[in-house]
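Heads up, the thing below is written out as structure tokens.
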Amino acid sequence: MGKETNSHWLVNFISGISAGVAHVVCCAPLDTARTRMQVQGLYNTHYRGMLSTVSTIYNYEGVRGLYKGVQASLIAYPTSWSVYFASYDVLKNFFRKKTGSEYLGNLLGSGCAGILGSFISNPLWLIRARVQVGSQTSVYKAFLDIARREGPLSFFQGLSASLLGVVHVVVQFPLYEIAKKHFHKEDTPPNFLEMVICSCGPKVVAGFCSYPLETIRTRLFVHNKTQDKRFLGLTSLISYTLKNEGIKAFYSGYTLNLVRVLPATFITLYTYENVLYFLKAFPQ
């Protein structure tokens with residue numbers, strides 16, 4: 001039994017890595033553009049919409065600018081998704097047995113897996129955001145610069161917003177499980193149309209609920225507290241943003257995010273489900 005559980009965990013872990021890599025390869029330029037739009041109010045830059053943001057970055061920084069931070073993304077996304085999917089699979093089954101409810105088990109499992117993933121991947125997301133927004137191009141140099149100038153604890157800057165952002169997966173994955181139950185047969189690999197329906201609907205709902213928290217998290221990530229004293233911490237940032245930019249700032253880049261996140265979510269989950277099905281076909 002233990003061997004089977006370990007094997008199943010490893011299958012989900014490998015499938016999560018595959019999903020993370022596929023996400024980065026396909027969506028890096030839009031990911032960079034979304035990050036720039038989320039923090040523009042802090043630096044008096046003005047990006048106007050998806051095409052304008054992508055075009056501005058390309059005109060001033062070239063293709064390199066669009067793929068800025070891709071090295072960090074290739075570490076952060078596979079790490080985040082592999083930890084999430086592996087722990088979610090174990091935890092949802094644990095809570096299903098404990099609560100006797102499939103939906104409640106999925107909800108608790110997604111929340112706990114999200115919290116675990118936030119702790120493990122927060123330093124990676126912080127480094128990625130700094131590279132995408134700043135002048136630093138090397139992940140290693142960015143790591144050393146942050147550690148030297150701001151201290152080791154700064155790698156967990158923005159963790160409070162990340163933990164609040166767990167609401168995203170708490171909404172998304174229980175809805176995803178419901179959609180899969182209605183539109184997909186478990187013993188067959190998912191087809192294109194099934195995954196479009198199952199991945200996009202829950203993501204739209206979850207994204208609308210949690211996007212302000214993603215914006216706050218990104219702003220906390222790029223904030224150098226040793227040099228910029230305009231705000232300190234989560235509540236201070238929220239007050240500062242409301243006062244100076246209004247509530248619309250929390251949805252800055254939201255339209256671009258939808259354009260980015262729906263195909264990205266489809267690619268991630270389609271890759272994950274197909275790799276998972278392929279690996280499960282091997283004798284354990």
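Chains: A, B, ... in order of the structure tokens. Residues: from 1 per chain. Ligands: from 1, in order shown.
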
With stretch 270-283 of chain A as the partner and 10 Å as the cut-off, tabulate the residues of stretch 75-176 of chain A that qualify, each row holding the nearest pair of atoms and their distance in Å to one decimal, using only C-alpha atoms, sorted by chain and rising number, as a tab-separated table.
residue	atom	partner	partner_atom	distance
A:Trp81	CA	A:Tyr272	CA	9.3
A:Ser82	CA	A:Tyr272	CA	9.6
A:Phe85	CA	A:Tyr272	CA	8.9

With a distance cut-off of 12 Å and only C-alpha atoms, select the neighbouring residues of A:Ile75, excluding the residue or stretch itself and same-chain residues fewer than 6 positions from it, and output the selection as an MDAnalysis selection string. chainID A and resid 17:18 20:21 23:24 69 81:82 120:128 139:140

Output for the residues just chosen: C-alpha atoms as a PDB file, in the first residue's frame:
ATOM      1  CA  ILE A  17       6.820  19.299 -13.648  1.00  0.00           C
ATOM      2  CA  SER A  18       5.756  18.612 -17.251  1.00  0.00           C
ATOM      3  CA  GLY A  20       4.973  23.726 -15.456  1.00  0.00           C
ATOM      4  CA  VAL A  21       7.509  23.512 -18.273  1.00  0.00           C
ATOM      5  CA  HIS A  23       3.269  26.655 -19.268  1.00  0.00           C
ATOM      6  CA  VAL A  24       6.562  28.573 -19.352  1.00  0.00           C
ATOM      7  CA  GLY A  69      12.938  36.083 -16.186  1.00  0.00           C
ATOM      8  CA  TRP A  81       2.947  22.765  -9.970  1.00  0.00           C
ATOM      9  CA  SER A  82       4.785  19.549  -9.093  1.00  0.00           C
ATOM     10  CA  ILE A 120       8.091  26.332  -0.885  1.00  0.00           C
ATOM     11  CA  SER A 121       7.818  28.480  -4.014  1.00  0.00           C
ATOM     12  CA  ASN A 122       7.543  32.029  -2.588  1.00  0.00           C
ATOM     13  CA  PRO A 123      11.320  32.761  -2.898  1.00  0.00           C
ATOM     14  CA  LEU A 124      11.204  31.610  -6.526  1.00  0.00           C
ATOM     15  CA  TRP A 125       8.250  33.864  -7.407  1.00  0.00           C
ATOM     16  CA  LEU A 126       9.954  36.813  -5.722  1.00  0.00           C
ATOM     17  CA  ILE A 127      13.177  36.338  -7.714  1.00  0.00           C
ATOM     18  CA  ARG A 128      11.194  35.916 -10.942  1.00  0.00           C
ATOM     19  CA  VAL A 139      18.592  34.480 -11.488  1.00  0.00           C
ATOM     20  CA  TYR A 140      21.728  33.678  -9.516  1.00  0.00           C
TER      21      TYR A 140
END

Spatial neighbours of A:Ala142, 10 Å, only C-alpha atoms, chain gap at least 2 places, as a PyMOL selection string: chain A and resi 72+126-128+130-131+134-140+144-148

Residues from last step as file, N, CA, C and O atoms, as a PDB file, in the first residue's frame:
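Result file follows (out34.pdb):
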ATOM      1  N   ALA A  72      14.073  32.010 -14.328  1.00  0.00           N
ATOM      2  CA  ALA A  72      13.409  31.893 -13.034  1.00  0.00           C
ATOM      3  C   ALA A  72      12.069  31.181 -13.172  1.00  0.00           C
ATOM      4  O   ALA A  72      11.680  30.372 -12.317  1.00  0.00           O
ATOM      5  N   LEU A 126       9.377  35.503  -6.009  1.00  0.00           N
ATOM      6  CA  LEU A 126       9.954  36.813  -5.722  1.00  0.00           C
ATOM      7  C   LEU A 126      11.120  37.117  -6.657  1.00  0.00           C
ATOM      8  O   LEU A 126      11.200  38.198  -7.246  1.00  0.00           O
ATOM      9  N   ILE A 127      12.024  36.152  -6.821  1.00  0.00           N
ATOM     10  CA  ILE A 127      13.177  36.338  -7.714  1.00  0.00           C
ATOM     11  C   ILE A 127      12.707  36.560  -9.144  1.00  0.00           C
ATOM     12  O   ILE A 127      13.197  37.440  -9.862  1.00  0.00           O
ATOM     13  N   ARG A 128      11.719  35.779  -9.578  1.00  0.00           N
ATOM     14  CA  ARG A 128      11.194  35.916 -10.942  1.00  0.00           C
ATOM     15  C   ARG A 128      10.627  37.308 -11.171  1.00  0.00           C
ATOM     16  O   ARG A 128      10.895  37.949 -12.195  1.00  0.00           O
ATOM     17  N   ARG A 130      11.371  40.105  -9.594  1.00  0.00           N
ATOM     18  CA  ARG A 130      12.463  41.089  -9.586  1.00  0.00           C
ATOM     19  C   ARG A 130      13.189  41.100 -10.930  1.00  0.00           C
ATOM     20  O   ARG A 130      13.548  42.157 -11.448  1.00  0.00           O
ATOM     21  N   VAL A 131      13.415  39.919 -11.496  1.00  0.00           N
ATOM     22  CA  VAL A 131      14.120  39.839 -12.782  1.00  0.00           C
ATOM     23  C   VAL A 131      13.246  40.405 -13.896  1.00  0.00           C
ATOM     24  O   VAL A 131      13.725  41.136 -14.779  1.00  0.00           O
ATOM     25  N   GLY A 134      13.062  44.425 -13.039  1.00  0.00           N
ATOM     26  CA  GLY A 134      14.302  45.178 -12.857  1.00  0.00           C
ATOM     27  C   GLY A 134      15.297  44.999 -13.973  1.00  0.00           C
ATOM     28  O   GLY A 134      15.007  44.444 -15.032  1.00  0.00           O
ATOM     29  N   SER A 135      16.504  45.499 -13.715  1.00  0.00           N
ATOM     30  CA  SER A 135      17.570  45.453 -14.725  1.00  0.00           C
ATOM     31  C   SER A 135      18.380  44.164 -14.637  1.00  0.00           C
ATOM     32  O   SER A 135      19.171  43.862 -15.531  1.00  0.00           O
ATOM     33  N   GLN A 136      18.188  43.412 -13.549  1.00  0.00           N
ATOM     34  CA  GLN A 136      18.946  42.185 -13.361  1.00  0.00           C
ATOM     35  C   GLN A 136      18.465  41.097 -14.327  1.00  0.00           C
ATOM     36  O   GLN A 136      17.268  40.910 -14.511  1.00  0.00           O
ATOM     37  N   THR A 137      19.384  40.385 -14.979  1.00  0.00           N
ATOM     38  CA  THR A 137      18.997  39.344 -15.936  1.00  0.00           C
ATOM     39  C   THR A 137      19.332  37.942 -15.454  1.00  0.00           C
ATOM     40  O   THR A 137      18.799  36.966 -15.964  1.00  0.00           O
ATOM     41  N   SER A 138      20.196  37.827 -14.474  1.00  0.00           N
ATOM     42  CA  SER A 138      20.615  36.519 -13.979  1.00  0.00           C
ATOM     43  C   SER A 138      19.866  36.162 -12.694  1.00  0.00           C
ATOM     44  O   SER A 138      19.820  36.965 -11.756  1.00  0.00           O
ATOM     45  N   VAL A 139      19.298  34.959 -12.678  1.00  0.00           N
ATOM     46  CA  VAL A 139      18.592  34.480 -11.488  1.00  0.00           C
ATOM     47  C   VAL A 139      19.556  34.374 -10.306  1.00  0.00           C
ATOM     48  O   VAL A 139      19.234  34.787  -9.181  1.00  0.00           O
ATOM     49  N   TYR A 140      20.743  33.855 -10.569  1.00  0.00           N
ATOM     50  CA  TYR A 140      21.728  33.678  -9.516  1.00  0.00           C
ATOM     51  C   TYR A 140      22.166  35.024  -8.942  1.00  0.00           C
ATOM     52  O   TYR A 140      22.247  35.198  -7.717  1.00  0.00           O
ATOM     53  N   LEU A 144      21.671  36.551  -5.119  1.00  0.00           N
ATOM     54  CA  LEU A 144      22.746  37.088  -4.287  1.00  0.00           C
ATOM     55  C   LEU A 144      22.480  38.542  -3.894  1.00  0.00           C
ATOM     56  O   LEU A 144      22.741  38.942  -2.752  1.00  0.00           O
ATOM     57  N   ASP A 145      21.962  39.324  -4.842  1.00  0.00           N
ATOM     58  CA  ASP A 145      21.700  40.736  -4.593  1.00  0.00           C
ATOM     59  C   ASP A 145      20.643  40.914  -3.503  1.00  0.00           C
ATOM     60  O   ASP A 145      20.793  41.733  -2.598  1.00  0.00           O
ATOM     61  N   ILE A 146      19.567  40.127  -3.585  1.00  0.00           N
ATOM     62  CA  ILE A 146      18.501  40.206  -2.581  1.00  0.00           C
ATOM     63  C   ILE A 146      19.018  39.765  -1.217  1.00  0.00           C
ATOM     64  O   ILE A 146      18.767  40.411  -0.192  1.00  0.00           O
ATOM     65  N   ALA A 147      19.758  38.646  -1.192  1.00  0.00           N
ATOM     66  CA  ALA A 147      20.285  38.116   0.068  1.00  0.00           C
ATOM     67  C   ALA A 147      21.241  39.099   0.727  1.00  0.00           C
ATOM     68  O   ALA A 147      21.208  39.297   1.954  1.00  0.00           O
ATOM     69  N   ARG A 148      22.074  39.759  -0.073  1.00  0.00           N
ATOM     70  CA  ARG A 148      23.079  40.671   0.464  1.00  0.00           C
ATOM     71  C   ARG A 148      22.463  41.993   0.923  1.00  0.00           C
ATOM     72  O   ARG A 148      22.776  42.488   2.004  1.00  0.00           O
TER      73      ARG A 148
END

One number please: atom CA of A:Ser154 to atom CA of A:Thr218, in Å, one decimal.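 Computing the Euclidean distance for atom CA of A:Ser154 and atom CA of A:Thr218 yields 13.8 Å.
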
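Among the candidates A:Cys27, A:Met195, A:Leu91, A:Leu66, the residue lying nearest to A:Cys112 is A:Leu91 (atoms considered: only C-alpha atoms).
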
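Minimum distance to A:Glu150 across A:Ser55, A:Asn224, A:Gln172, A:Ala113 (counting only C-alpha atoms) occurs at A:Asn224.
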
Run DSSP on the backbone and tell me which residues of stretch 86-267 of chain A come out as helix (DSSP H, G or I); list them as a VMD selection string. chain A and resid 86 to 99 102 to 133 139 to 150 152 to 156 159 to 164 167 to 183 192 to 222 234 to 245 247 to 251 254 to 267

All residues 12 Å or closer to A:Val90, only C-alpha atoms, same chain fewer than 2 positions away omitted, as number ranges by chain: A: 4-13, 83-88, 92-97, 105-106, 108-110, 112-113

Spatial neighbours of stretch 41-51 of chain A, max dist 8 Å, only C-alpha atoms, sep filter under 4 positions, as a compact mmCIF listing (two decimals) with C-alpha atoms, in the first residue's frame:
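As written to disk, part_23.txt reads:
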# COMPACT_ATOMS: atom_id res chain seq x y z
CA ALA A 33 3.75 41.72 -19.72
CA MET A 37 1.24 45.99 -15.78
CA SER A 55 4.74 45.99 -28.22
CA THR A 56 6.37 48.48 -25.81
CA GLU A 245 -4.45 54.79 -7.68
CA ALA A 249 -5.24 49.43 -9.69
CA GLY A 253 -3.54 43.95 -16.25
CA THR A 255 -7.76 41.73 -19.27
CA LEU A 256 -4.24 40.79 -20.29

Give me, as a ChimeraX atom specification, all polymer residues having an atom no more than 9 Å from A:Leu175, counting only C-alpha atoms and skipping those fewer than 6 positions away in the same chain. /A:103,198,201-203

Spatial neighbours of A:Tyr254, 10 Å, only C-alpha atoms, chain gap at least 2 places, as a PyMOL selection string: chain A and resi 34+37-38+49-50+207-208+211-212+215+248-252+256-261

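Pairwise distance (atom CA of A:Ile14, atom CA of A:Pro78) equals 9.1 Å.
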